[in-house]
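Quick look at start.cif (mmCIF, C-alpha atoms and all ligand atoms):
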```cif
data_protein
loop_
_atom_site.label_atom_id
_atom_site.label_comp_id
_atom_site.auth_asym_id
_atom_site.auth_seq_id
_atom_site.Cartn_x
_atom_site.Cartn_y
_atom_site.Cartn_z
CA MET A 186 -5.88 -36.16 -23.15
CA SER A 187 -6.79 -34.07 -26.17
CA VAL A 188 -4.19 -31.86 -27.79
CA ALA A 189 -6.16 -28.76 -26.77
CA THR A 190 -6.11 -29.78 -23.10
CA GLN A 191 -2.45 -30.68 -23.25
CA GLN A 192 -1.59 -27.23 -24.54
CA LYS A 193 -3.26 -25.48 -21.65
CA ASN A 194 -0.36 -25.75 -19.27
CA SER A 195 1.24 -22.94 -17.30
CA HIS A 196 3.10 -21.62 -20.35
CA TYR A 197 -0.15 -21.25 -22.27
CA TYR A 198 -1.69 -19.01 -19.59
CA ILE A 199 1.47 -17.05 -18.93
CA ASP A 200 1.80 -16.32 -22.66
CA LEU A 201 -1.82 -15.20 -22.85
CA GLU A 202 -1.27 -12.72 -20.03
CA ASN A 203 1.93 -11.56 -21.62
CA ASP A 204 0.29 -11.01 -24.99
CA HIS A 205 -2.94 -9.39 -23.86
CA GLY A 206 -2.46 -7.91 -20.41
CA ALA A 207 -0.63 -4.75 -19.41
CA HIS A 208 2.74 -5.65 -17.96
CA ASN A 209 2.15 -3.92 -14.63
CA TYR A 210 3.17 -6.93 -12.50
CA HIS A 211 6.06 -9.37 -12.42
CA PRO A 212 4.50 -12.58 -11.05
CA LEU A 213 6.30 -15.78 -10.14
CA PRO A 214 5.94 -18.28 -13.01
CA VAL A 215 3.09 -20.28 -11.49
CA VAL A 216 -0.51 -20.47 -12.73
CA LEU A 217 -3.02 -21.27 -9.99
CA GLU A 218 -6.46 -22.71 -10.53
CA LYS A 219 -7.71 -23.84 -7.12
CA GLY A 220 -7.37 -22.96 -3.46
CA ASP A 221 -8.45 -24.51 -0.17
CA GLY A 222 -7.35 -23.24 3.24
CA VAL A 223 -3.58 -22.78 3.23
CA TYR A 224 -3.17 -24.63 -0.07
CA VAL A 225 -3.31 -23.62 -3.72
CA TRP A 226 -2.91 -25.85 -6.79
CA ASP A 227 -1.48 -24.94 -10.18
CA VAL A 228 -2.88 -25.98 -13.55
CA GLU A 229 -0.49 -28.96 -13.62
CA GLY A 230 -2.03 -30.16 -10.35
CA LYS A 231 0.97 -29.33 -8.14
CA LYS A 232 0.04 -28.32 -4.60
CA TYR A 233 1.64 -25.41 -2.74
CA PHE A 234 1.49 -23.71 0.61
CA ASP A 235 0.43 -20.11 0.01
CA PHE A 236 2.82 -17.90 1.98
CA LEU A 237 1.58 -14.63 0.52
CA SER A 238 -2.18 -14.95 1.16
CA ALA A 239 -2.81 -12.37 -1.59
CA TYR A 240 -0.94 -9.74 0.44
CA SER A 241 -2.89 -10.72 3.58
CA ALA A 242 -6.32 -10.62 1.96
CA VAL A 243 -6.81 -14.36 2.46
CA ASN A 244 -6.24 -14.43 6.23
CA GLN A 245 -9.22 -16.78 6.63
CA GLY A 246 -7.81 -19.25 4.07
CA HIS A 247 -8.81 -19.93 0.48
CA SER A 248 -12.44 -20.76 -0.32
CA HIS A 249 -13.55 -20.65 3.29
CA PRO A 250 -16.92 -22.49 3.29
CA LYS A 251 -18.68 -19.93 5.50
CA ILE A 252 -17.52 -16.94 3.43
CA LEU A 253 -18.24 -18.76 0.19
CA ALA A 254 -21.77 -19.62 1.34
CA ALA A 255 -22.46 -15.98 2.24
CA LEU A 256 -21.18 -14.86 -1.16
CA VAL A 257 -23.20 -17.38 -3.16
CA GLU A 258 -26.40 -16.96 -1.19
CA GLN A 259 -26.42 -13.17 -1.41
CA ALA A 260 -25.37 -13.20 -5.09
CA GLY A 261 -28.45 -15.29 -5.84
CA LYS A 262 -30.70 -12.86 -4.01
CA LEU A 263 -29.55 -9.28 -4.56
CA ALA A 264 -26.10 -8.17 -5.68
CA LEU A 265 -26.25 -4.41 -6.08
CA THR A 266 -28.72 -1.63 -5.39
CA SER A 267 -26.30 1.31 -5.40
CA ARG A 268 -26.73 3.71 -2.51
CA ALA A 269 -29.56 5.46 -4.35
CA PHE A 270 -31.82 3.00 -2.51
CA HIS A 271 -31.56 1.30 0.85
CA ASN A 272 -31.13 -2.46 1.07
CA ASN A 273 -31.70 -4.85 3.95
CA VAL A 274 -28.06 -5.93 4.33
CA LEU A 275 -26.12 -2.66 4.58
CA GLY A 276 -27.61 -1.54 7.92
CA PRO A 277 -26.99 -4.86 9.68
CA TYR A 278 -23.43 -4.87 8.31
CA GLU A 279 -22.77 -1.29 9.45
CA LYS A 280 -24.00 -2.16 12.95
CA TYR A 281 -21.91 -5.33 12.97
CA VAL A 282 -18.66 -3.82 11.73
CA THR A 283 -18.81 -0.70 13.92
CA GLU A 284 -19.43 -2.85 17.01
CA TYR A 285 -16.68 -5.26 15.98
CA PHE A 286 -14.09 -2.48 15.78
CA ASP A 287 -15.66 -0.14 18.34
CA PHE A 288 -16.36 2.96 16.22
CA ASP A 289 -19.55 5.04 15.84
CA LYS A 290 -19.65 4.96 12.05
CA VAL A 291 -18.33 3.22 8.95
CA LEU A 292 -17.99 4.43 5.37
CA PRO A 293 -17.89 1.40 3.07
CA MET A 294 -15.71 1.31 -0.05
CA ASN A 295 -14.23 -1.49 -2.18
CA THR A 296 -10.45 -1.39 -2.49
CA GLY A 297 -7.78 -0.40 -0.03
CA ALA A 298 -6.69 2.58 -2.12
CA GLU A 299 -10.26 3.89 -2.20
CA ALA A 300 -10.47 3.61 1.56
CA VAL A 301 -7.17 5.51 1.95
CA GLU A 302 -8.49 8.21 -0.39
CA THR A 303 -11.65 8.35 1.69
CA ALA A 304 -9.64 8.76 4.89
CA ILE A 305 -7.63 11.60 3.33
CA LYS A 306 -10.79 13.39 2.21
CA LEU A 307 -12.38 12.87 5.63
CA CYS A 308 -9.32 14.22 7.45
CA ARG A 309 -9.12 17.28 5.21
CA LYS A 310 -12.83 18.07 5.51
CA TRP A 311 -12.64 17.67 9.30
CA ALA A 312 -9.68 20.06 9.35
CA TYR A 313 -11.54 22.78 7.44
CA GLU A 314 -14.89 22.41 9.15
CA LYS A 315 -13.90 21.54 12.71
CA ASN A 316 -10.36 22.73 13.08
CA GLY A 317 -10.45 26.15 11.39
CA ILE A 318 -7.81 25.45 8.77
CA ALA A 319 -7.85 27.90 5.85
CA GLU A 320 -9.14 26.60 2.52
CA ASN A 321 -6.77 24.28 0.65
CA GLN A 322 -4.03 24.57 3.28
CA ALA A 323 -4.38 21.21 5.12
CA VAL A 324 -1.23 19.09 5.31
CA ILE A 325 -1.16 15.39 6.17
CA VAL A 326 2.03 13.76 7.47
CA VAL A 327 3.08 10.42 5.93
CA CYS A 328 6.13 8.18 6.35
CA ARG A 329 8.98 7.34 4.02
CA GLY A 330 8.71 3.84 2.63
CA ASN A 331 4.93 3.99 2.86
CA PHE A 332 2.59 1.94 0.74
CA HIS A 333 -1.03 3.10 0.72
CA GLY A 334 -2.14 2.15 -2.80
CA ARG A 335 -1.94 3.27 -6.40
CA THR A 336 -4.18 6.28 -7.04
CA THR A 337 -2.73 9.54 -8.34
CA THR A 338 -2.99 11.21 -4.93
CA ILE A 339 -1.55 8.26 -3.03
CA ILE A 340 1.47 7.82 -5.30
CA SER A 341 2.06 11.56 -4.96
CA PHE A 342 3.35 10.94 -1.43
CA SER A 343 5.12 7.66 -2.16
CA ASP A 344 8.92 7.65 -2.29
CA ASP A 345 9.07 4.57 -4.48
CA ASP A 346 10.34 5.80 -7.86
CA ASN A 347 8.65 2.91 -9.66
CA ALA A 348 5.28 3.88 -8.22
CA ARG A 349 5.77 7.62 -8.90
CA ASP A 350 7.91 8.32 -11.93
CA ASN A 351 6.14 9.94 -14.88
CA PHE A 352 2.74 9.89 -13.20
CA GLY A 353 2.86 13.58 -12.24
CA PRO A 354 1.73 16.27 -11.73
CA TYR A 355 1.43 15.19 -8.12
CA THR A 356 -1.15 16.05 -5.49
CA GLY A 357 0.08 18.48 -2.84
CA GLY A 358 -0.72 18.67 0.85
CA PHE A 359 1.55 15.95 2.19
CA VAL A 360 4.80 16.00 4.09
CA SER A 361 6.97 12.97 4.65
CA ILE A 362 9.03 11.98 7.71
CA PRO A 363 11.16 8.89 8.40
CA TYR A 364 9.24 5.85 9.69
CA ASN A 365 9.40 5.15 13.43
CA ASP A 366 10.76 8.63 14.11
CA ILE A 367 8.84 10.20 16.98
CA ALA A 368 11.13 13.25 17.15
CA ALA A 369 10.47 14.00 13.48
CA LEU A 370 6.72 13.72 14.00
CA GLU A 371 6.91 16.02 17.01
CA GLU A 372 8.81 18.57 14.94
CA VAL A 373 6.50 18.50 11.93
CA ALA A 374 3.38 18.55 14.14
CA LYS A 375 4.34 22.04 15.29
CA GLN A 376 4.10 23.39 11.75
CA LYS A 377 1.04 25.33 10.68
CA ASN A 378 -1.83 23.51 8.95
CA VAL A 379 -0.66 19.98 9.81
CA VAL A 380 -3.92 18.12 10.40
CA GLY A 381 -3.25 14.39 10.35
CA PHE A 382 -0.75 11.54 10.44
CA LEU A 383 -1.37 8.66 8.02
CA VAL A 384 0.67 5.60 8.97
CA GLU A 385 0.94 1.83 8.65
CA PRO A 386 1.46 0.36 12.16
CA ILE A 387 3.88 -2.05 10.48
CA GLN A 388 5.16 -1.18 6.99
CA GLY A 389 4.21 -4.25 4.96
CA GLU A 390 5.22 -3.54 1.37
CA ALA A 391 8.38 -1.76 2.42
CA GLY A 392 9.60 -5.09 3.85
CA VAL A 393 7.72 -5.72 7.11
CA TYR A 394 9.30 -2.93 9.14
CA THR A 395 8.12 -3.21 12.73
CA PRO A 396 8.52 0.07 14.62
CA ASP A 397 9.34 0.42 18.31
CA GLU A 398 6.67 -1.04 20.60
CA ASP A 399 5.59 2.41 21.77
CA PHE A 400 5.74 4.16 18.38
CA VAL A 401 2.02 3.99 17.66
CA ALA A 402 0.95 5.15 21.14
CA LYS A 403 3.46 8.01 21.14
CA ALA A 404 2.44 9.05 17.63
CA GLN A 405 -1.21 9.14 18.65
CA ALA A 406 -0.38 11.25 21.71
CA ILE A 407 1.51 13.76 19.56
CA CYS A 408 -1.43 13.90 17.13
CA HIS A 409 -3.87 14.62 19.92
CA ALA A 410 -1.66 17.22 21.54
CA ASN A 411 -1.53 19.05 18.18
CA ASN A 412 -5.14 18.76 16.96
CA MET A 413 -4.20 16.18 14.34
CA LEU A 414 -6.05 13.01 13.43
CA PHE A 415 -4.20 9.74 13.88
CA ILE A 416 -5.05 7.70 10.77
CA ALA A 417 -4.08 4.01 10.84
CA ASP A 418 -3.84 2.19 7.51
CA GLU A 419 -4.44 -1.39 8.65
CA VAL A 420 -5.34 -2.69 5.19
CA GLN A 421 -2.49 -5.23 5.45
CA THR A 422 -1.78 -5.41 9.20
CA GLY A 423 -5.39 -5.52 10.41
CA ILE A 424 -7.85 -8.34 11.05
CA ALA A 425 -5.70 -10.76 13.07
CA ARG A 426 -2.67 -10.79 10.76
CA THR A 427 -0.18 -9.55 13.35
CA GLY A 428 -1.54 -11.57 16.27
CA SER A 429 -4.02 -8.98 17.49
CA LEU A 430 -7.28 -7.79 15.96
CA LEU A 431 -5.45 -4.69 14.75
CA ALA A 432 -1.74 -3.98 14.85
CA VAL A 433 -2.58 -0.89 16.96
CA CYS A 434 -4.02 -3.23 19.60
CA GLY A 435 -0.46 -4.02 20.63
CA ASN A 436 -0.37 -7.23 22.62
CA CYS A 437 -4.09 -7.69 23.06
CA THR A 438 -5.40 -11.10 21.98
CA CYS A 439 -9.11 -10.59 22.61
CA GLU A 440 -11.40 -11.06 19.61
CA ASN A 441 -12.72 -7.52 19.54
CA GLN A 442 -13.32 -4.42 21.65
CA CYS A 443 -9.76 -3.96 22.79
CA GLU A 444 -10.49 -0.73 24.60
CA ARG A 445 -9.92 -2.23 28.03
CA GLN A 446 -6.34 -3.04 27.14
CA ALA A 447 -3.76 -0.46 28.08
CA THR A 448 -1.85 -1.27 24.91
CA TYR A 449 -4.71 -0.34 22.59
CA THR A 450 -4.16 2.87 20.66
CA LYS A 451 -7.48 3.75 19.10
CA PRO A 452 -7.00 5.53 15.78
CA ASP A 453 -9.20 8.52 14.95
CA ILE A 454 -9.63 7.02 11.50
CA LEU A 455 -9.15 3.32 10.84
CA ILE A 456 -8.67 2.02 7.29
CA LEU A 457 -9.44 -1.64 6.54
CA GLY A 458 -9.47 -3.70 3.34
CA LYS A 459 -7.95 -6.96 2.13
CA ALA A 460 -8.96 -9.56 4.80
CA LEU A 461 -12.20 -7.70 5.54
CA SER A 462 -13.65 -10.04 2.91
CA GLY A 463 -11.28 -12.97 3.38
CA GLY A 464 -10.24 -12.35 -0.21
CA ALA A 465 -13.58 -13.41 -1.66
CA TYR A 466 -14.62 -9.93 -2.83
CA PRO A 467 -13.21 -6.41 -2.80
CA VAL A 468 -14.39 -4.88 0.48
CA SER A 469 -12.80 -1.93 2.29
CA ALA A 470 -13.95 0.40 5.01
CA VAL A 471 -13.15 3.61 6.82
CA LEU A 472 -14.18 3.77 10.46
CA ALA A 473 -14.39 6.86 12.65
CA ASP A 474 -16.46 8.29 15.48
CA ASP A 475 -19.33 10.71 14.93
CA HIS A 476 -17.46 13.93 15.65
CA ILE A 477 -15.26 13.15 12.63
CA MET A 478 -17.52 11.18 10.27
CA GLU A 479 -20.36 13.73 10.57
CA VAL A 480 -18.49 16.17 8.30
CA ILE A 481 -19.40 13.98 5.30
CA LYS A 482 -22.91 14.76 4.10
CA PRO A 483 -25.11 13.40 1.29
CA GLY A 484 -23.58 13.78 -2.14
CA GLN A 485 -20.09 14.61 -0.88
CA HIS A 486 -18.48 11.17 -1.25
CA GLY A 487 -19.49 7.72 -2.41
CA SER A 488 -19.04 4.64 -4.56
CA THR A 489 -21.46 2.70 -6.77
CA PHE A 490 -20.33 -0.63 -5.36
CA GLY A 491 -19.36 0.50 -1.85
CA GLY A 492 -21.36 -1.35 0.80
CA ASN A 493 -23.21 -3.51 -1.71
CA PRO A 494 -25.22 -6.45 -0.33
CA ILE A 495 -22.69 -9.11 -1.38
CA ALA A 496 -19.81 -7.15 0.14
CA ALA A 497 -21.77 -6.63 3.35
CA LYS A 498 -22.65 -10.31 3.75
CA VAL A 499 -19.15 -11.47 2.82
CA ALA A 500 -17.51 -9.07 5.30
CA MET A 501 -19.73 -10.21 8.17
CA ALA A 502 -18.93 -13.85 7.41
CA ALA A 503 -15.21 -13.06 7.12
CA LEU A 504 -15.16 -11.31 10.51
CA ASP A 505 -17.22 -14.12 12.08
CA VAL A 506 -14.54 -16.57 10.94
CA VAL A 507 -11.80 -14.49 12.59
CA SER A 508 -13.61 -14.74 15.94
CA GLU A 509 -14.97 -18.29 15.67
CA GLU A 510 -11.68 -19.83 14.59
CA HIS A 511 -9.55 -17.79 17.01
CA LEU A 512 -7.32 -16.53 14.23
CA ILE A 513 -5.80 -13.83 16.45
CA GLN A 514 -4.53 -16.41 18.92
CA ASN A 515 -3.38 -18.75 16.15
CA ALA A 516 -1.47 -15.98 14.38
CA ARG A 517 0.20 -15.04 17.67
CA LYS A 518 1.16 -18.60 18.59
CA LEU A 519 2.32 -19.77 15.17
CA GLY A 520 4.07 -16.47 14.51
CA ASP A 521 6.20 -17.00 17.62
CA LEU A 522 6.91 -20.57 16.50
CA PHE A 523 7.77 -19.44 12.97
CA ARG A 524 10.32 -16.84 14.09
CA LEU A 525 11.85 -19.30 16.56
CA GLU A 526 12.29 -21.88 13.78
CA MET A 527 13.61 -19.28 11.31
CA ASN A 528 16.22 -18.17 13.83
CA LYS A 529 17.42 -21.79 14.10
CA ILE A 530 17.86 -21.86 10.31
CA ILE A 531 19.55 -18.46 10.27
CA ALA A 532 22.12 -19.81 12.74
CA LYS A 533 23.06 -22.45 10.15
CA THR A 534 23.35 -20.30 7.02
CA ASP A 535 24.90 -17.11 5.67
CA LEU A 536 22.13 -16.68 3.13
CA VAL A 537 19.56 -15.25 5.55
CA VAL A 538 20.58 -12.63 8.07
CA LYS A 539 17.38 -11.89 9.93
CA VAL A 540 13.72 -12.68 10.47
CA ARG A 541 11.39 -9.94 11.63
CA GLY A 542 7.68 -9.37 11.99
CA LYS A 543 4.73 -9.82 14.25
CA GLY A 544 2.13 -12.56 14.38
CA LEU A 545 2.06 -14.12 10.92
CA LEU A 546 3.31 -11.04 9.06
CA ASN A 547 7.02 -11.80 8.79
CA ALA A 548 9.94 -11.34 6.47
CA ILE A 549 13.36 -12.87 6.08
CA ILE A 550 16.20 -10.61 5.05
CA ILE A 551 18.53 -12.08 2.44
CA ASN A 552 22.24 -11.48 2.69
CA ASP A 553 22.77 -9.68 -0.63
CA THR A 554 22.45 -6.25 -2.23
CA PRO A 555 18.95 -4.86 -2.89
CA GLU A 556 19.67 -5.01 -6.64
CA SER A 557 20.63 -8.69 -6.70
CA GLU A 558 18.27 -11.45 -7.83
CA THR A 559 18.93 -13.68 -4.82
CA ALA A 560 15.53 -13.23 -3.13
CA TRP A 561 13.73 -13.80 -6.44
CA ASN A 562 15.80 -16.91 -7.19
CA LEU A 563 15.13 -18.24 -3.71
CA CYS A 564 11.38 -17.72 -4.22
CA VAL A 565 11.59 -19.68 -7.49
CA LYS A 566 13.28 -22.55 -5.58
CA LEU A 567 10.68 -22.32 -2.79
CA LYS A 568 8.02 -22.65 -5.46
CA GLU A 569 9.70 -25.77 -6.85
CA ASN A 570 9.67 -27.18 -3.32
CA GLY A 571 5.97 -26.41 -2.82
CA LEU A 572 5.79 -23.02 -1.10
CA LEU A 573 4.77 -19.72 -2.69
CA ALA A 574 6.24 -16.44 -1.50
CA LYS A 575 7.24 -13.22 -3.20
CA PRO A 576 10.16 -10.87 -2.66
CA THR A 577 9.28 -7.36 -1.63
CA HIS A 578 11.44 -4.23 -1.79
CA GLY A 579 15.13 -5.02 -1.74
CA ASN A 580 16.27 -8.50 -0.83
CA ILE A 581 13.41 -9.27 1.50
CA ILE A 582 10.96 -12.16 1.32
CA ARG A 583 7.62 -11.64 3.03
CA LEU A 584 6.22 -14.81 4.57
CA ALA A 585 2.54 -14.50 5.43
CA PRO A 586 0.45 -17.69 5.28
CA PRO A 587 -3.32 -17.78 5.83
CA LEU A 588 -4.00 -17.57 9.58
CA VAL A 589 -5.86 -20.89 9.54
CA ILE A 590 -2.53 -22.70 9.22
CA THR A 591 -2.02 -25.49 11.78
CA GLU A 592 1.14 -26.16 13.78
CA GLU A 593 1.78 -29.34 11.79
CA GLN A 594 1.43 -27.50 8.47
CA MET A 595 3.71 -24.76 9.78
CA MET A 596 6.41 -27.30 10.64
CA ASP A 597 6.10 -28.76 7.11
CA CYS A 598 6.63 -25.24 5.76
CA VAL A 599 9.62 -24.64 8.02
CA ALA A 600 11.12 -27.88 6.63
CA ILE A 601 10.55 -26.69 3.04
CA ILE A 602 12.14 -23.32 3.78
CA GLU A 603 15.12 -24.94 5.51
CA LYS A 604 15.66 -27.47 2.71
CA THR A 605 15.44 -24.72 0.08
CA ILE A 606 17.88 -22.43 1.86
CA MET A 607 20.37 -25.25 2.44
CA GLU A 608 20.16 -26.43 -1.19
CA PHE A 609 20.47 -22.87 -2.41
CA LYS A 610 23.70 -22.38 -0.52
CA LYS A 611 25.36 -25.10 -2.62
CA ASP A 612 24.60 -23.34 -5.97
C1 LIG B 1 -2.64 -3.32 -0.18
C2 LIG B 1 -2.59 -2.06 0.60
C3 LIG B 1 -3.33 -0.93 0.20
C4 LIG B 1 -4.08 -0.85 -1.10
O1 LIG B 1 -5.10 -1.78 -1.22
P1 LIG B 1 -5.69 -2.11 -2.68
O2 LIG B 1 -6.90 -2.96 -2.37
O3 LIG B 1 -4.63 -2.83 -3.44
O4 LIG B 1 -6.06 -0.82 -3.30
C5 LIG B 1 -3.30 0.18 1.04
N1 LIG B 1 -2.59 0.18 2.18
C6 LIG B 1 -1.87 -0.88 2.57
C7 LIG B 1 -1.11 -0.82 3.85
C8 LIG B 1 -1.83 -2.04 1.79
O5 LIG B 1 -1.08 -3.08 2.16
#
```

Kindly return the structure encoded in the file as structure tokens.
Amino acid sequence: MSVATQQKNSHYYIDLENDHGAHNYHPLPVVLEKGDGVYVWDVEGKKYFDFLSAYSAVNQGHSHPKILAALVEQAGKLALTSRAFHNNVLGPYEKYVTEYFDFDKVLPMNTGAEAVETAIKLCRKWAYEKNGIAENQAVIVVCRGNFHGRTTTIISFSDDDNARDNFGPYTGGFVSIPYNDIAALEEVAKQKNVVGFLVEPIQGEAGVYTPDEDFVAKAQAICHANNMLFIADEVQTGIARTGSLLAVCGNCTCENQCERQATYTKPDILILGKALSGGAYPVSAVLADDHIMEVIKPGQHGSTFGGNPIAAKVAMAALDVVSEEHLIQNARKLGDLFRLEMNKIIAKTDLVVKVRGKGLLNAIIINDTPESETAWNLCVKLKENGLLAKPTHGNIIRLAPPLVITEEQMMDCVAIIEKTIMEFKKD
């Protein structure tokens, strides 16, 4: 091995990032160079189970051959036209994605935050043009502990000091209620000019908070009784992650078109991102029916890259994979298994107090103060034992593997987690 090659270990790359990149993240000290399915490899060649899946973007697994082929083929043909011209991929994609999720129309964007912004603009415009709200008076209800992205408007209604502090002045027109609080929603819905409710069906970043089973359905009913739009941010929870196509589908395990199921709560506006591309490309979308989407007219909203041919082809392939490989059913089945196994471990240790979640979006709650380093230290030990996960707010570790994980792989992961927790106890 040459000296130059020898130097390019993890430390080399971490130092480069440190020296030249803004310090806006605090990653685990691991440098990845390859991924395949549920596995990733670092630059030293060590193999890990990925239990973050890029915040649920990689639901279909790393480097999925079908998604990769779509990406490469379209990149070699036509990458970007902008929306100044038509292309022969956008229309087929729009037909595909609206049928897949059962909406009249889609508005394609790139990142989750852009899609949330789009949904906010759509809701406001609908309120002024269809609901008679006076200019600039529309108010959208959000929940405490929310995470909807990082734009100036979105952080304006965050209650995470880190996300907000010294980024003001903030955008107005939002009111915040506690999560999973139907009475609070009912109360605020009575106020003048309240036009929408923007909510995550499960709060992912906040620490995988699963609301009451009937929260989403009741919230939608309140919205409709008060002329408000029910806006579901399923950027993290959507596309099979929680053991149904969308978290708002409740207990439905069909591949798509959940309308027949009594448990399905159809949002007025649905926001998707992350796994819409299987992680191969930034692809996000806002879906709504005509009576809402028709308020947006030419020139009023857009994105240079939104709905580009690569994104369109990649998204279709990514959604095909969800259906063809029965990822909804797998997430449901292995999620049940995972929580069962975690509860067995919890019975044997004081370190972990609880596991919660749905499908394969789960979290374990560490028995320590939110300020302590215990969850971080445990993640470092998990990494040493071959499993990558990241603490989220407080002492909570989110555990969300790609949905292509097999039962055998899951049991290997359970063994790693158990071993790590038991070793950790002795420290
Ligand atoms: C990740 C996330 C977003 C933001 O997506 P980006 O692609 O990072 O902009 C929005 N909402 C939820 C619920 C998310 O988890």

- [ ] Using all atoms listed in the file, determine which residues fall within 7 Å of ligand LIG 1 (chain B), then list them as number ranges by chain.
- [x] A: 240, 296-299, 301, 332-335, 385, 389-390, 418-421, 458-459

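Close contacts of region 553-560 of chain A, defined as residues with an atom at most 6 Å away when counting all atoms listed in the file, with chain neighbours fewer than 6 positions off set aside, comprise Pro576, Gly579 and Asn580 of chain A.
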
At a cut-off of 12 Å, using only C-alpha atoms, what residues contact Ile582 (chain A)? Leave out same-chain residues fewer than 3 positions from it and give the result as a short mmCIF file (atom, residue, chain, number, x, y, z; two decimals) with C-alpha atoms, keeping the file's coordinate frame.
```cif
data_model
loop_
_atom_site.label_atom_id
_atom_site.label_comp_id
_atom_site.auth_asym_id
_atom_site.auth_seq_id
_atom_site.Cartn_x
_atom_site.Cartn_y
_atom_site.Cartn_z
CA PHE A 236 2.82 -17.90 1.98
CA LEU A 237 1.58 -14.63 0.52
CA GLY A 389 4.21 -4.25 4.96
CA GLU A 390 5.22 -3.54 1.37
CA ALA A 391 8.38 -1.76 2.42
CA GLY A 392 9.60 -5.09 3.85
CA VAL A 393 7.72 -5.72 7.11
CA VAL A 537 19.56 -15.25 5.55
CA VAL A 538 20.58 -12.63 8.07
CA LYS A 539 17.38 -11.89 9.93
CA VAL A 540 13.72 -12.68 10.47
CA ARG A 541 11.39 -9.94 11.63
CA GLY A 542 7.68 -9.37 11.99
CA LEU A 546 3.31 -11.04 9.06
CA ASN A 547 7.02 -11.80 8.79
CA ALA A 548 9.94 -11.34 6.47
CA ILE A 549 13.36 -12.87 6.08
CA ILE A 550 16.20 -10.61 5.05
CA ILE A 551 18.53 -12.08 2.44
CA ASN A 552 22.24 -11.48 2.69
CA PRO A 555 18.95 -4.86 -2.89
CA GLU A 558 18.27 -11.45 -7.83
CA THR A 559 18.93 -13.68 -4.82
CA ALA A 560 15.53 -13.23 -3.13
CA TRP A 561 13.73 -13.80 -6.44
CA ASN A 562 15.80 -16.91 -7.19
CA LEU A 563 15.13 -18.24 -3.71
CA CYS A 564 11.38 -17.72 -4.22
CA VAL A 565 11.59 -19.68 -7.49
CA LEU A 567 10.68 -22.32 -2.79
CA LEU A 573 4.77 -19.72 -2.69
CA ALA A 574 6.24 -16.44 -1.50
CA LYS A 575 7.24 -13.22 -3.20
CA PRO A 576 10.16 -10.87 -2.66
CA THR A 577 9.28 -7.36 -1.63
CA HIS A 578 11.44 -4.23 -1.79
CA GLY A 579 15.13 -5.02 -1.74
CA ALA A 585 2.54 -14.50 5.43
CA ILE A 602 12.14 -23.32 3.78
#
```

For region 507-512 of chain A: contacts at 8 Å, only C-alpha atoms, fewer than 2 positions along chain excluded, given as a compact mmCIF listing (two decimals) with C-alpha atoms, in the coordinates of the input:
```txt
# COMPACT_ATOMS: atom_id res chain seq x y z
CA GLN A 245 -9.22 -16.78 6.63
CA ILE A 424 -7.85 -8.34 11.05
CA ALA A 425 -5.70 -10.76 13.07
CA GLY A 428 -1.54 -11.57 16.27
CA GLU A 440 -11.40 -11.06 19.61
CA ALA A 503 -15.21 -13.06 7.12
CA LEU A 504 -15.16 -11.31 10.51
CA ASP A 505 -17.22 -14.12 12.08
CA GLN A 514 -4.53 -16.41 18.92
CA ASN A 515 -3.38 -18.75 16.15
CA ALA A 516 -1.47 -15.98 14.38
CA LEU A 588 -4.00 -17.57 9.58
CA VAL A 589 -5.86 -20.89 9.54
```

Task: Residue among A:Gln594, A:Gln259, A:Ser462, A:Asn194 lying closest to Pro494 (chain A), counting all atoms listed in the file - done: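 Counting all atoms listed in the file, the residue closest to Pro494 (chain A) is A:Gln259.
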
TODO: Could you give me, as a ChimeraX atom specification, the residues that sit within 12 Å of (8.7, -23.6, -10.2) in the file's coordinates, counting only C-alpha atoms?
DONE: /A:195-196,212-217,227,229,231-233,561-574

TODO: Show which residues sit within 10 Å of Val384 (chain A), as a VMD selection string. Count all atoms listed in the file, and ignore same-chain residues fewer than 2 positions away.
DONE: chain A and resid 326 to 329 331 to 333 364 to 365 381 to 382 386 to 388 401 404 415 to 419

Task: 12 Å contact set for Gly276 (chain A), only C-alpha atoms, chain neighbours under 5 positions out, as a VMD selection string - done: chain A and resid 268 271 281 to 283 290 to 293 492 to 494 497 to 498 501

Which polymer residues, protein or nucleic acid, are no farther than 9 Å from (4.9, 10.7, 20.5), counting all atoms listed in the file, as a CSV table (one decimal) with C-alpha atoms, in the frame of the given file?
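Saved to result.csv:
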```csv
chain,number,residue,atom,x,y,z
A,366,ASP,CA,10.8,8.6,14.1
A,367,ILE,CA,8.8,10.2,17.0
A,368,ALA,CA,11.1,13.2,17.2
A,370,LEU,CA,6.7,13.7,14.0
A,371,GLU,CA,6.9,16.0,17.0
A,399,ASP,CA,5.6,2.4,21.8
A,400,PHE,CA,5.7,4.2,18.4
A,401,VAL,CA,2.0,4.0,17.7
A,402,ALA,CA,1.0,5.2,21.1
A,403,LYS,CA,3.5,8.0,21.1
A,404,ALA,CA,2.4,9.0,17.6
A,405,GLN,CA,-1.2,9.1,18.6
A,406,ALA,CA,-0.4,11.2,21.7
A,407,ILE,CA,1.5,13.8,19.6
A,408,CYS,CA,-1.4,13.9,17.1
```

Task: Proximity to Val499 (chain A) - best of A:Ala239, A:Ile252, A:Leu545, A:Ala312, only C-alpha atoms - done: A:Ile252

- [ ] Between A:Glu314, A:Glu526, A:Leu431, A:Gly358, single out the one closest to Asp287 (chain A), counting all atoms listed in the file.
- [x]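 Between A:Glu314, A:Glu526, A:Leu431, A:Gly358, the residue approaching Asp287 (chain A) most closely is A:Leu431.
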